[in-house]
Amino acid sequence: MMEEERVETPEETSDEQLAKQHRKEKKDMQAKIQSMKTAIPKNDKKRRKQMTEEIAKIEADLNQKHEEELRQLKSTTNTEVEEVLNGVETMKMEGGGEEEEEVQQPRLTKAQKRRDKKAAQEKERESRIAEAEVQNLQGVRHQEGLKLAEKLAQQQLQIKEISSDGHCMYRAIEDQLAHRSKPGLIMSVKDLRSRTAEHMRGHADDFLPFLTNSNTGDMYTSDEFEKYCSDVEHTAAWGGQLELRALTQVLHLPVEVIQADSPTIKIGEEFDSESISLVYMRHAYGLGEHYNSVELLKDPANAEDS
């Protein structure tokens with residue numbers, strides 16, 4: 001009979017242990033949150049609002065704790081590597097010119113090689129997970145998302161994702177208008193772009209002073225301004241505050257732009273109506289700036305079922 005192979009479990013490194021610890025703590029946090037959700041009646045709006053804010057704080061605190069632990073681990077690991085390298089150099093210097101004794105290494109079986117290869121792959125995978133968690137927690141996009149979620153939760157709102165295709169600002173406004181009770185305000189992206197360009201052409205003096213040639217620094221000529229308006233109307237040119245200003249005049253509605261690290265920008269406050277709310281993100285995608293819409297915060301007790 002062939003002797004049964006004994007599979008050896010490789011010793012876990014500190015980064016693997018920390019990654020597993022973080023996953024367990026996140027799982028425990030989710031269980032705690034679920035318990036909080038089921039403990040408060042759905043019709044108790046005041047307590048549910050307080051719970052939503054508490055959940056956002058719990059998640060932010062755990063993320064901050066994990067970020068600090070990963071930073072400390074990275075610092076400790078770098079120190080240990082440096083100490084090992086210094087020790088190797090010392091051994092070389094002490095060895096001088098003496099001949100090193102040839103050490104006979106035991107020959108590895110194919111089964112052991114497979115186990116070693118699998119262990120190395122698992123170690124590399126855990127290392128990549130730990131590194132990804134560091135980058136995610138420290139990343140500006142992640143931090144921006146946390147801050148926005150906390151701000152919006154105070155208003156019982158959450159982000160509604162809008163596709164990033166150059167039309168994001170207009171698509172976010174289109175989404176906001178679709179939930180209004182006035183059918184006449186429902187407009188497509190094409191309509192919004194066309195009406196924006198039309199208003200800017202008809203009120204050039206209100207917009208020209210803010211548009212300059214990037215090469216010369218001079219204010220736009222009439223031809224350059226017409227091309228700008230044409231791009232607004234017919235291309236996927238990205239929209240900004242000038243276009244938002246034009247749209248407030250077209251729609252006769254105020255617009256508020258919620259940001260993570262700056263006060264909310266309010267445009268068209270002369271109109272006494274319910275504001276259109278947009279979320280401005282500086283670090284949403286590789287190209288940077290992006291607009292999202294907002295929607296009512298989903299009932300925490302039913303969020304996982306939706």
# chains A, B, ... in the order shown; residues from 1 in each chain; ligands from 1

$ closest_atom_pairs --of "range 203-304 of chain A" --to "range 136-155 of chain A" --cutoff "8 Å" --atoms "only C-alpha atoms" --output "JSON lines"
{"residue": "A:Ile258", "atom": "CA", "partner": "A:Leu148", "partner_atom": "CA", "distance": 7.9}
{"residue": "A:Gln259", "atom": "CA", "partner": "A:Leu148", "partner_atom": "CA", "distance": 6.8}
{"residue": "A:Ala260", "atom": "CA", "partner": "A:Leu148", "partner_atom": "CA", "distance": 5.1}
{"residue": "A:Asp261", "atom": "CA", "partner": "A:Lys147", "partner_atom": "CA", "distance": 7.8}
{"residue": "A:Met281", "atom": "CA", "partner": "A:Glu144", "partner_atom": "CA", "distance": 7.5}
{"residue": "A:His283", "atom": "CA", "partner": "A:Arg141", "partner_atom": "CA", "distance": 5.1}
{"residue": "A:Ala284", "atom": "CA", "partner": "A:Arg141", "partner_atom": "CA", "distance": 5.9}
{"residue": "A:Leu297", "atom": "CA", "partner": "A:Ala153", "partner_atom": "CA", "distance": 7.1}

$ write_last_selection --atoms "N, CA, C and O atoms" --output "mmCIF file, in the first residue's frame"
data_model
loop_
_atom_site.group_PDB
_atom_site.id
_atom_site.type_symbol
_atom_site.label_atom_id
_atom_site.label_comp_id
_atom_site.auth_asym_id
_atom_site.auth_seq_id
_atom_site.Cartn_x
_atom_site.Cartn_y
_atom_site.Cartn_z
ATOM 1 N N ILE A 258 -24.223 68.886 -4.155
ATOM 2 C CA ILE A 258 -23.669 68.390 -2.886
ATOM 3 C C ILE A 258 -22.273 67.828 -3.136
ATOM 4 O O ILE A 258 -22.070 67.027 -4.064
ATOM 5 N N GLN A 259 -21.295 68.233 -2.310
ATOM 6 C CA GLN A 259 -19.906 67.809 -2.452
ATOM 7 C C GLN A 259 -19.401 67.235 -1.136
ATOM 8 O O GLN A 259 -19.915 67.551 -0.066
ATOM 9 N N ALA A 260 -18.348 66.420 -1.218
ATOM 10 C CA ALA A 260 -17.824 65.760 -0.020
ATOM 11 C C ALA A 260 -17.071 66.721 0.879
ATOM 12 O O ALA A 260 -17.279 66.745 2.092
ATOM 13 N N ASP A 261 -16.168 67.508 0.320
ATOM 14 C CA ASP A 261 -15.252 68.318 1.126
ATOM 15 C C ASP A 261 -15.515 69.814 1.046
ATOM 16 O O ASP A 261 -14.693 70.613 1.485
ATOM 17 N N MET A 281 -18.794 64.583 -7.732
ATOM 18 C CA MET A 281 -17.693 63.755 -7.250
ATOM 19 C C MET A 281 -16.425 64.081 -8.036
ATOM 20 O O MET A 281 -16.425 64.030 -9.272
ATOM 21 N N HIS A 283 -13.528 62.412 -7.667
ATOM 22 C CA HIS A 283 -12.658 61.248 -7.873
ATOM 23 C C HIS A 283 -13.452 59.993 -8.227
ATOM 24 O O HIS A 283 -13.044 58.881 -7.907
ATOM 25 N N ALA A 284 -14.579 60.149 -8.904
ATOM 26 C CA ALA A 284 -15.447 59.003 -9.149
ATOM 27 C C ALA A 284 -14.847 58.016 -10.140
ATOM 28 O O ALA A 284 -14.933 56.810 -9.968
ATOM 29 N N LEU A 297 -33.417 57.613 0.698
ATOM 30 C CA LEU A 297 -32.688 56.525 1.346
ATOM 31 C C LEU A 297 -33.609 55.327 1.485
ATOM 32 O O LEU A 297 -34.726 55.437 1.987
#

$ select_by_dssp --residues "range 110-289 of chain A" --states "strand (DSSP E or B)" --output "list of chain:residue names"
A:Leu157, A:Gln158, A:Ile159, A:Lys160, A:Thr212, A:Met219, A:Val255, A:Glu256, A:Val257, A:Ile258, A:Ile265, A:Lys266, A:Ile267, A:Ile276, A:Ser277, A:Leu278, A:Val279, A:Tyr280, A:Met281, A:Arg282, A:His283, A:Ala284, A:Tyr285, A:Gly288, A:Glu289

$ atom_distance --atom1 "CA of Asp206 in chain A" --atom2 "CA of Asp223 in chain A"
16.4 Å

$ residues_around --residues "Thr235 in chain A" --least-positions-apart "4" --cutoff "12 Å" --atoms "only C-alpha atoms" --output "ChimeraX atom specification"
/A:165-167,189-190,193-194,197,227-231,239

$ write_last_selection --atoms "N, CA and C atoms" --output "PDB file, in the first residue's frame"
ATOM      1  N   ASP A 165     -20.615  59.109 -19.269  1.00  0.00           N
ATOM      2  CA  ASP A 165     -20.472  59.115 -20.725  1.00  0.00           C
ATOM      3  C   ASP A 165     -20.375  60.532 -21.292  1.00  0.00           C
ATOM      4  N   GLY A 166     -20.086  61.512 -20.446  1.00  0.00           N
ATOM      5  CA  GLY A 166     -20.029  62.896 -20.900  1.00  0.00           C
ATOM      6  C   GLY A 166     -21.350  63.622 -20.737  1.00  0.00           C
ATOM      7  N   HIS A 167     -22.439  62.852 -20.588  1.00  0.00           N
ATOM      8  CA  HIS A 167     -23.773  63.444 -20.413  1.00  0.00           C
ATOM      9  C   HIS A 167     -24.227  63.385 -18.956  1.00  0.00           C
ATOM     10  N   VAL A 189     -32.272  64.164 -22.277  1.00  0.00           N
ATOM     11  CA  VAL A 189     -30.928  64.747 -22.315  1.00  0.00           C
ATOM     12  C   VAL A 189     -30.774  65.630 -23.552  1.00  0.00           C
ATOM     13  N   LYS A 190     -31.292  65.165 -24.680  1.00  0.00           N
ATOM     14  CA  LYS A 190     -31.205  65.950 -25.921  1.00  0.00           C
ATOM     15  C   LYS A 190     -31.921  67.285 -25.765  1.00  0.00           C
ATOM     16  N   ARG A 193     -29.895  69.628 -23.385  1.00  0.00           N
ATOM     17  CA  ARG A 193     -28.723  70.212 -24.063  1.00  0.00           C
ATOM     18  C   ARG A 193     -29.145  71.299 -25.046  1.00  0.00           C
ATOM     19  N   SER A 194     -30.191  71.035 -25.798  1.00  0.00           N
ATOM     20  CA  SER A 194     -30.658  72.006 -26.792  1.00  0.00           C
ATOM     21  C   SER A 194     -31.138  73.295 -26.123  1.00  0.00           C
ATOM     22  N   ALA A 197     -28.093  75.305 -24.689  1.00  0.00           N
ATOM     23  CA  ALA A 197     -27.363  76.033 -25.729  1.00  0.00           C
ATOM     24  C   ALA A 197     -28.166  77.231 -26.230  1.00  0.00           C
ATOM     25  N   LYS A 227     -19.124  77.975 -31.309  1.00  0.00           N
ATOM     26  CA  LYS A 227     -18.652  76.587 -31.312  1.00  0.00           C
ATOM     27  C   LYS A 227     -18.884  75.948 -29.950  1.00  0.00           C
ATOM     28  N   TYR A 228     -18.657  76.711 -28.878  1.00  0.00           N
ATOM     29  CA  TYR A 228     -18.877  76.200 -27.520  1.00  0.00           C
ATOM     30  C   TYR A 228     -20.342  75.788 -27.349  1.00  0.00           C
ATOM     31  N   CYS A 229     -21.251  76.669 -27.779  1.00  0.00           N
ATOM     32  CA  CYS A 229     -22.678  76.379 -27.656  1.00  0.00           C
ATOM     33  C   CYS A 229     -23.084  75.195 -28.533  1.00  0.00           C
ATOM     34  N   SER A 230     -22.462  75.115 -29.714  1.00  0.00           N
ATOM     35  CA  SER A 230     -22.749  73.992 -30.600  1.00  0.00           C
ATOM     36  C   SER A 230     -22.313  72.672 -29.974  1.00  0.00           C
ATOM     37  N   ASP A 231     -21.154  72.679 -29.281  1.00  0.00           N
ATOM     38  CA  ASP A 231     -20.683  71.468 -28.602  1.00  0.00           C
ATOM     39  C   ASP A 231     -21.630  71.090 -27.464  1.00  0.00           C
ATOM     40  N   GLY A 239     -20.692  68.995 -18.823  1.00  0.00           N
ATOM     41  CA  GLY A 239     -21.354  70.199 -18.322  1.00  0.00           C
ATOM     42  C   GLY A 239     -20.824  70.621 -16.973  1.00  0.00           C
TER      43      GLY A 239
END

$ closest_residue --among "A:Leu296, A:Met169, A:Ala204, A:Ile276" --to "Gly240 in chain A" --atoms "only C-alpha atoms"
A:Met169

$ closest_residue --among "A:Glu54, A:Glu233, A:Glu126, A:Asp175" --to "Asp191 in chain A" --atoms "only C-alpha atoms"
A:Glu233

$ atom_distance --atom1 "CA of Ser222 in chain A" --atom2 "CA of Leu208 in chain A"
8.9 Å

$ residues_around --residues "Glu161 in chain A" --least-positions-apart "6" --cutoff "9 Å" --atoms "only C-alpha atoms" --output "list in words"
Ala172, Tyr291, Asn292, Ser293 and Val294 of chain A

$ select_by_dssp --residues "range 15-45 of chain A" --states "alpha helix (DSSP H)" --output "PyMOL selection string"
chain A and resi 15-39+45

$ write_last_selection --atoms "N, CA, C and O atoms" --output "short mmCIF file (atom, residue, chain, number, x, y, z; two decimals), in the first residue's frame"
data_model
loop_
_atom_site.label_atom_id
_atom_site.label_comp_id
_atom_site.auth_asym_id
_atom_site.auth_seq_id
_atom_site.Cartn_x
_atom_site.Cartn_y
_atom_site.Cartn_z
N ASP A 15 0.33 39.46 7.28
CA ASP A 15 -0.63 40.14 6.41
C ASP A 15 -1.83 39.26 6.10
O ASP A 15 -2.96 39.74 5.98
N GLU A 16 -1.60 37.91 6.01
CA GLU A 16 -2.72 37.00 5.80
C GLU A 16 -3.63 36.98 7.01
O GLU A 16 -4.86 36.98 6.89
N GLN A 17 -3.02 36.95 8.20
CA GLN A 17 -3.81 36.93 9.43
C GLN A 17 -4.66 38.20 9.55
O GLN A 17 -5.83 38.15 9.93
N LEU A 18 -4.04 39.35 9.22
CA LEU A 18 -4.77 40.61 9.33
C LEU A 18 -5.91 40.68 8.33
O LEU A 18 -7.01 41.16 8.64
N ALA A 19 -5.67 40.18 7.11
CA ALA A 19 -6.73 40.19 6.09
C ALA A 19 -7.92 39.34 6.56
O ALA A 19 -9.08 39.73 6.40
N LYS A 20 -7.62 38.16 7.16
CA LYS A 20 -8.70 37.30 7.66
C LYS A 20 -9.42 37.96 8.83
O LYS A 20 -10.64 37.88 8.96
N GLN A 21 -8.64 38.61 9.71
CA GLN A 21 -9.24 39.31 10.84
C GLN A 21 -10.20 40.40 10.37
O GLN A 21 -11.30 40.55 10.90
N HIS A 22 -9.77 41.16 9.34
CA HIS A 22 -10.61 42.24 8.83
C HIS A 22 -11.89 41.70 8.21
O HIS A 22 -12.97 42.27 8.39
N ARG A 23 -11.77 40.58 7.50
CA ARG A 23 -12.97 40.01 6.90
C ARG A 23 -13.96 39.54 7.98
O ARG A 23 -15.17 39.70 7.85
N LYS A 24 -13.41 38.97 9.06
CA LYS A 24 -14.27 38.52 10.16
C LYS A 24 -14.94 39.72 10.83
O LYS A 24 -16.14 39.68 11.15
N GLU A 25 -14.17 40.81 11.06
CA GLU A 25 -14.75 41.98 11.71
C GLU A 25 -15.83 42.62 10.84
O GLU A 25 -16.83 43.11 11.35
N LYS A 26 -15.62 42.61 9.51
CA LYS A 26 -16.65 43.15 8.62
C LYS A 26 -17.92 42.29 8.67
O LYS A 26 -19.04 42.80 8.66
N LYS A 27 -17.71 40.96 8.75
CA LYS A 27 -18.86 40.05 8.83
C LYS A 27 -19.62 40.27 10.14
O LYS A 27 -20.85 40.32 10.17
N ASP A 28 -18.86 40.43 11.25
CA ASP A 28 -19.50 40.69 12.54
C ASP A 28 -20.25 42.02 12.52
O ASP A 28 -21.34 42.14 13.11
N MET A 29 -19.65 43.04 11.84
CA MET A 29 -20.31 44.34 11.77
C MET A 29 -21.64 44.23 11.01
O MET A 29 -22.65 44.80 11.43
N GLN A 30 -21.64 43.47 9.90
CA GLN A 30 -22.87 43.30 9.13
C GLN A 30 -23.94 42.62 9.96
O GLN A 30 -25.12 42.96 9.87
N ALA A 31 -23.52 41.63 10.80
CA ALA A 31 -24.49 40.95 11.66
C ALA A 31 -25.07 41.92 12.69
O ALA A 31 -26.28 41.91 12.97
N LYS A 32 -24.19 42.79 13.22
CA LYS A 32 -24.65 43.78 14.20
C LYS A 32 -25.63 44.75 13.56
O LYS A 32 -26.66 45.11 14.14
N ILE A 33 -25.30 45.21 12.35
CA ILE A 33 -26.17 46.15 11.64
C ILE A 33 -27.53 45.52 11.36
O ILE A 33 -28.58 46.15 11.51
N GLN A 34 -27.51 44.25 10.94
CA GLN A 34 -28.77 43.55 10.66
C GLN A 34 -29.62 43.45 11.91
O GLN A 34 -30.85 43.61 11.88
N SER A 35 -28.95 43.21 13.05
CA SER A 35 -29.68 43.14 14.32
C SER A 35 -30.30 44.49 14.66
O SER A 35 -31.43 44.56 15.16
N MET A 36 -29.56 45.58 14.39
CA MET A 36 -30.08 46.92 14.65
C MET A 36 -31.30 47.20 13.77
O MET A 36 -32.28 47.81 14.21
N LYS A 37 -31.23 46.75 12.51
CA LYS A 37 -32.33 47.01 11.58
C LYS A 37 -33.63 46.34 12.03
O LYS A 37 -34.71 46.92 11.94
N THR A 38 -33.51 45.11 12.52
CA THR A 38 -34.71 44.36 12.89
C THR A 38 -35.26 44.77 14.26
O THR A 38 -36.39 44.41 14.60
N ALA A 39 -34.47 45.53 15.02
CA ALA A 39 -34.88 45.88 16.38
C ALA A 39 -35.80 47.10 16.43
O ALA A 39 -36.43 47.36 17.45
N LYS A 45 -40.01 56.50 12.47
CA LYS A 45 -39.12 57.21 11.55
C LYS A 45 -37.95 57.90 12.27
O LYS A 45 -36.83 57.95 11.77
#

$ closest_residue --among "A:Ser275, A:Ser164, A:Thr109, A:Thr196" --to "Gln176 in chain A" --atoms "only C-alpha atoms"
A:Ser275
